[in-house]
Amino acid sequence: MRAEQRKVDGGLTVTTATLQGVTIYYQEPDFWSLSVDAGRIAYTVEKHEDADVDPDDILVRVEDAVVRIAGIPVFYLPAYEQRGLDIPPVRPTVHAGYKKKQGAFLRTTTYFVADENWHPGLLLDGYTKSGVLIGPALRYQLAKDDPAFRTIGDFQAGWIKDRGDPGTDDYNSPIGSSRWFVQWDHKQRIADVVELTSSFNYWSDTSVLRDFRPGEFNADQRPDSFFELVRPDNFYYASLFARYRPNDFQDVQQRLPEVRFDLNPVELYETGIYQHFSASLVYLEERGSDELPFLPDGSTEMESPRMDVYYGLTRPVKPVDWFTFTPVAGVRSTTYFQPSDGGDAYTRVLPQVGFDMQLLAQGQWNYQNEFWGIRGLRHQLRPVMQYRWIPAAEKGGDRIPIIDRSSFAPYPPIIDLGQRRDTDDLWAQQLLRVGVENVLQTRAEDYGSRDLAWFNVYQDFRDTERAGERTLSDTYLALGLSPVYWLQLDVYNRLDPYSWDSNEITSRIRVRDGDRWSLWFGSQYITDVDRTNQFFWGGEYNLNSEFSVIGQWRFDREIDKLTEQYYGVRQRLGNSWTIEYSIRHRERAREDSDFSFGLSLRLASF
């Protein structure tokens, strides 16, 4: 070993130590460890006087390096550098198994993480029936210690010449043999002044990720591609937003682009009246797709340059601590520069009046319970009421391209004219929303409060002539219980108030005993929008520090069959690897195989 030390300006000492013939183990040394045999390794440490050495500030340069897994040489690196001692030069993930459609497969993703900012990678899969999938990958994180310039991103792409039978996609269109996907997510702050967020998803067909990268598909089954640049300020938000459609099979209301300005609520002089203002200029475009071949007006494409401006006033009144009443008034002007009838530009002006009202009642009790972790109780009861009148909102409907239109929402929809996004599909509305919100809380162990239980209910009363709408909307109920950290229960119910039949019930309960075991059960029942009646349950049990077992099941009441079964064993190999063996069986799965088994190998997190 040879060491050199030198002092630089500012009381900084730089020490460099050089060693020959060194083996580096990541995590603790054991048979399964990932290790690097280095012909030469140099450590450079920068240290200020009276300061501790930060391991992340140690620069390591390795030369003549052989990377080994379980003692077996995997590949050779002539040289590489990295900061810190805990990060291995590679981060591999391996999945192996069998699927009826693709055959036996070996699916790998490997990232090279020697550089602290840029982690290039490679996707390389082999399928006995489909062929070889290959593509680049990149993860990056720049200026991670500087909030003003922080940048993170994740890029993956893959291509395969599918030799098997790809079949048809979700919309019964034949899938070609050349299949690919490109995914890129990026988020960045620029000088703490501008925030940039973008997502790009380009798929050859609806099933390519489901067939070859099911993990990514389960996380995002409906890809979105957009770009947003935001200038936040204490008084306003200015933004440039674009949503576009790289995938022809998707129906997308494209914004090419939208420039928007939103003024934060500002008090008008010292009157107690707050003004709200927003303005946008957007070029909308929608074209027929496999998902929606014909648009709502019967055409195959619509274009709509549009300017939208809203100005509103509110005046919160709080005569007592437990009562708040806020009158609301506003006007929204929308100009369509290219009406659907081909005529001159058309401007629609809509007013709204209404109010928001809230009452607050609460009680506190000095109840203590060590077992349940209760440090006092507080119950808050909030009756709420909203009223909006928007007259003649449907006027000009025969001239407006209906691109930003109404869509199904499982929760109570937005009713304020200034916040609604179904700009092109508005309807005359007089609506009263009544609700009651309940929450039971206790003091959190560290800071603030913790919710133990909550129950909310909302009901809309409407005066409407819109087809399909009745005086009473669905009744929305939401219930939750979390009395202790190991129990979580959520139930959501949407009732038809005329028959008291449930249009939708969604529930989930999870129980866990620390890191020892966990169980979960859930259900989803929908009758009006789509017919769904399913139950799912599962559990995980740690047998010991090395092995755990996992099971998941899904039952479909519509066909009275167990549609999905998953059985897995997870093993910890030393302190370096996690390996999972799995068997999955599906019934009536459209794209997935009826039966598959797999093996996944992942380098343990550091």
# chains A, B, ... in the order shown; residues from 1 in each chain; ligands from 1

$ residues_around --residues "Leu562 in chain A" --least-positions-apart "2" --cutoff "10 Å" --atoms "only C-alpha atoms" --output "VMD selection string"
chain A and resid 534 to 536 553 to 557 559 to 560 564 to 565 585 to 588

$ residues_around --residues "range 347-355 of chain A" --least-positions-apart "5" --cutoff "8 Å" --atoms "only C-alpha atoms" --output "JSON, numbers by chain"
{"A": [325, 326, 327, 328, 329, 330, 331, 332, 333, 334, 335, 336, 386, 387, 388, 389, 390, 391, 392, 393, 395, 396, 417]}

$ residues_around --residues "Ser582 in chain A" --least-positions-apart "2" --cutoff "7 Å" --atoms "only C-alpha atoms" --output "PyMOL selection string"
chain A and resi 567-569+580+584+597-599

$ write_last_selection --atoms "C-alpha atoms" --output "CSV table (one decimal), in the first residue's frame"
chain,number,residue,atom,x,y,z
A,567,TYR,CA,-47.3,-19.3,-5.7
A,568,GLY,CA,-43.8,-18.1,-5.0
A,569,VAL,CA,-40.9,-18.8,-2.8
A,580,GLU,CA,-37.9,-15.8,-6.3
A,584,ARG,CA,-48.7,-18.8,-12.1
A,597,PHE,CA,-43.3,-20.6,-14.1
A,598,GLY,CA,-40.5,-18.2,-13.4
A,599,LEU,CA,-37.3,-17.5,-11.6

$ closest_residue --among "A:Val317, A:Leu360, A:Ile402, A:Ile175" --to "Glu301 in chain A" --atoms "only C-alpha atoms"
A:Ile402

$ residues_around --residues "range 340-343 of chain A" --least-positions-apart "5" --cutoff "9 Å" --atoms "only C-alpha atoms" --output "PDB file with N, CA and C atoms, in the first residue's frame"
ATOM      1  N   MET A 302     -60.790  15.417 -35.454  1.00  0.00           N
ATOM      2  CA  MET A 302     -61.274  16.732 -35.048  1.00  0.00           C
ATOM      3  C   MET A 302     -60.077  17.591 -34.670  1.00  0.00           C
ATOM      4  N   GLU A 303     -60.160  18.886 -35.004  1.00  0.00           N
ATOM      5  CA  GLU A 303     -59.142  19.854 -34.627  1.00  0.00           C
ATOM      6  C   GLU A 303     -59.844  21.069 -34.035  1.00  0.00           C
ATOM      7  N   SER A 304     -59.218  21.660 -33.025  1.00  0.00           N
ATOM      8  CA  SER A 304     -59.901  22.771 -32.356  1.00  0.00           C
ATOM      9  C   SER A 304     -58.900  23.702 -31.690  1.00  0.00           C
ATOM     10  N   ASP A 398     -73.899  22.719 -31.177  1.00  0.00           N
ATOM     11  CA  ASP A 398     -73.825  22.267 -32.568  1.00  0.00           C
ATOM     12  C   ASP A 398     -72.618  22.850 -33.294  1.00  0.00           C
ATOM     13  N   ARG A 399     -71.888  23.809 -32.656  1.00  0.00           N
ATOM     14  CA  ARG A 399     -70.726  24.415 -33.308  1.00  0.00           C
ATOM     15  C   ARG A 399     -69.409  24.039 -32.630  1.00  0.00           C
ATOM     16  N   ILE A 400     -69.489  23.367 -31.471  1.00  0.00           N
ATOM     17  CA  ILE A 400     -68.295  23.103 -30.663  1.00  0.00           C
ATOM     18  C   ILE A 400     -67.756  21.709 -30.945  1.00  0.00           C
ATOM     19  N   PRO A 401     -66.492  21.587 -31.349  1.00  0.00           N
ATOM     20  CA  PRO A 401     -65.869  20.256 -31.456  1.00  0.00           C
ATOM     21  C   PRO A 401     -65.712  19.656 -30.057  1.00  0.00           C
ATOM     22  N   ILE A 402     -66.331  18.525 -29.817  1.00  0.00           N
ATOM     23  CA  ILE A 402     -66.351  17.957 -28.465  1.00  0.00           C
ATOM     24  C   ILE A 402     -65.129  17.061 -28.280  1.00  0.00           C
TER      25      ILE A 402
END

$ residues_around --residues "Tyr43 in chain A" --least-positions-apart "4" --cutoff "7 Å" --atoms "only C-alpha atoms" --output "list of chain:residue names"
A:Thr16, A:Ala17, A:Thr18, A:Ile58, A:Leu59, A:Val60, A:Arg61

$ atom_distance --atom1 "CA of Met307 in chain A" --atom2 "CA of Ala279 in chain A"
7.5 Å

$ residues_around --residues "Gly272 in chain A" --least-positions-apart "5" --cutoff "12 Å" --atoms "only C-alpha atoms" --output "ChimeraX atom specification"
/A:265-267,313-318,326-327

$ residues_around --residues "range 102-112 of chain A" --least-positions-apart "4" --cutoff "8 Å" --atoms "only C-alpha atoms" --output "list in words"
Pro89, Val90, Arg91, Pro92, Thr93, Val94, His95, Ala96, Gly97, Tyr98, His119, Pro120, Gly121, Leu122, Leu123, Leu124, Asp125, Gly126, Tyr127, Thr128, Lys129, Ser130, Ala137, Leu138, Gly164 and Asp211 of chain A

$ write_last_selection --atoms "N, CA and C atoms" --output "short mmCIF file (atom, residue, chain, number, x, y, z; two decimals), in the first residue's frame"
data_model
loop_
_atom_site.label_atom_id
_atom_site.label_comp_id
_atom_site.auth_asym_id
_atom_site.auth_seq_id
_atom_site.Cartn_x
_atom_site.Cartn_y
_atom_site.Cartn_z
N PRO A 89 -20.36 -2.16 -9.22
CA PRO A 89 -20.24 -1.62 -10.58
C PRO A 89 -21.38 -2.04 -11.50
N VAL A 90 -22.09 -3.09 -11.16
CA VAL A 90 -23.22 -3.53 -11.98
C VAL A 90 -24.41 -3.83 -11.08
N ARG A 91 -25.63 -3.65 -11.62
CA ARG A 91 -26.86 -3.99 -10.91
C ARG A 91 -27.71 -4.85 -11.83
N PRO A 92 -27.54 -6.18 -11.78
CA PRO A 92 -28.30 -7.05 -12.67
C PRO A 92 -29.63 -7.51 -12.07
N THR A 93 -30.62 -7.71 -12.93
CA THR A 93 -31.88 -8.36 -12.58
C THR A 93 -32.15 -9.42 -13.63
N VAL A 94 -32.42 -10.64 -13.18
CA VAL A 94 -32.60 -11.77 -14.08
C VAL A 94 -33.93 -12.45 -13.79
N HIS A 95 -34.71 -12.71 -14.83
CA HIS A 95 -35.94 -13.48 -14.73
C HIS A 95 -35.86 -14.64 -15.71
N ALA A 96 -36.18 -15.82 -15.27
CA ALA A 96 -36.19 -16.99 -16.13
C ALA A 96 -37.47 -17.76 -15.88
N GLY A 97 -37.98 -18.46 -16.89
CA GLY A 97 -39.19 -19.23 -16.70
C GLY A 97 -39.75 -19.73 -18.00
N TYR A 98 -41.05 -19.98 -17.98
CA TYR A 98 -41.72 -20.53 -19.17
C TYR A 98 -43.12 -19.93 -19.28
N HIS A 119 -26.14 5.84 -15.18
CA HIS A 119 -26.13 4.39 -15.06
C HIS A 119 -26.64 3.79 -16.38
N PRO A 120 -25.77 3.59 -17.36
CA PRO A 120 -26.21 2.96 -18.61
C PRO A 120 -26.52 1.49 -18.38
N GLY A 121 -27.39 0.95 -19.22
CA GLY A 121 -27.79 -0.43 -19.03
C GLY A 121 -28.12 -1.12 -20.33
N LEU A 122 -28.47 -2.39 -20.22
CA LEU A 122 -28.77 -3.23 -21.38
C LEU A 122 -29.93 -4.15 -21.05
N LEU A 123 -30.91 -4.21 -21.96
CA LEU A 123 -31.99 -5.19 -21.90
C LEU A 123 -31.64 -6.30 -22.87
N LEU A 124 -31.60 -7.52 -22.40
CA LEU A 124 -31.26 -8.66 -23.26
C LEU A 124 -32.06 -9.87 -22.81
N ASP A 125 -33.03 -10.28 -23.66
CA ASP A 125 -33.90 -11.40 -23.35
C ASP A 125 -33.78 -12.45 -24.45
N GLY A 126 -34.05 -13.69 -24.07
CA GLY A 126 -34.13 -14.78 -25.02
C GLY A 126 -35.39 -15.59 -24.78
N TYR A 127 -36.17 -15.85 -25.87
CA TYR A 127 -37.41 -16.61 -25.79
C TYR A 127 -37.35 -17.70 -26.85
N THR A 128 -37.60 -18.95 -26.45
CA THR A 128 -37.43 -20.07 -27.38
C THR A 128 -38.42 -20.01 -28.54
N LYS A 129 -39.60 -19.44 -28.32
CA LYS A 129 -40.60 -19.36 -29.39
C LYS A 129 -40.60 -18.02 -30.10
N SER A 130 -40.14 -16.96 -29.43
CA SER A 130 -40.25 -15.62 -30.01
C SER A 130 -38.94 -15.06 -30.53
N ALA A 137 -30.73 0.87 -22.05
CA ALA A 137 -31.39 1.42 -20.87
C ALA A 137 -30.47 2.48 -20.26
N LEU A 138 -31.05 3.41 -19.53
CA LEU A 138 -30.26 4.45 -18.89
C LEU A 138 -31.05 5.01 -17.71
N GLY A 164 -42.74 -16.16 -33.15
CA GLY A 164 -43.92 -16.94 -32.78
C GLY A 164 -45.18 -16.40 -33.43
N ASP A 211 -46.36 -9.07 -22.99
CA ASP A 211 -45.70 -10.31 -23.41
C ASP A 211 -44.27 -10.39 -22.92
#

$ select_by_dssp --residues "range 73-216 of chain A" --states "alpha helix (DSSP H)" --output "list in words"
Val208, Leu209, Arg210, Asp211, Phe212, Pro214, Gly215 and Glu216 of chain A

$ atom_distance --atom1 "CA of Pro214 in chain A" --atom2 "CA of Lys99 in chain A"
11.7 Å

$ atom_distance --atom1 "CA of Ala238 in chain A" --atom2 "CA of Glu270 in chain A"
25.6 Å
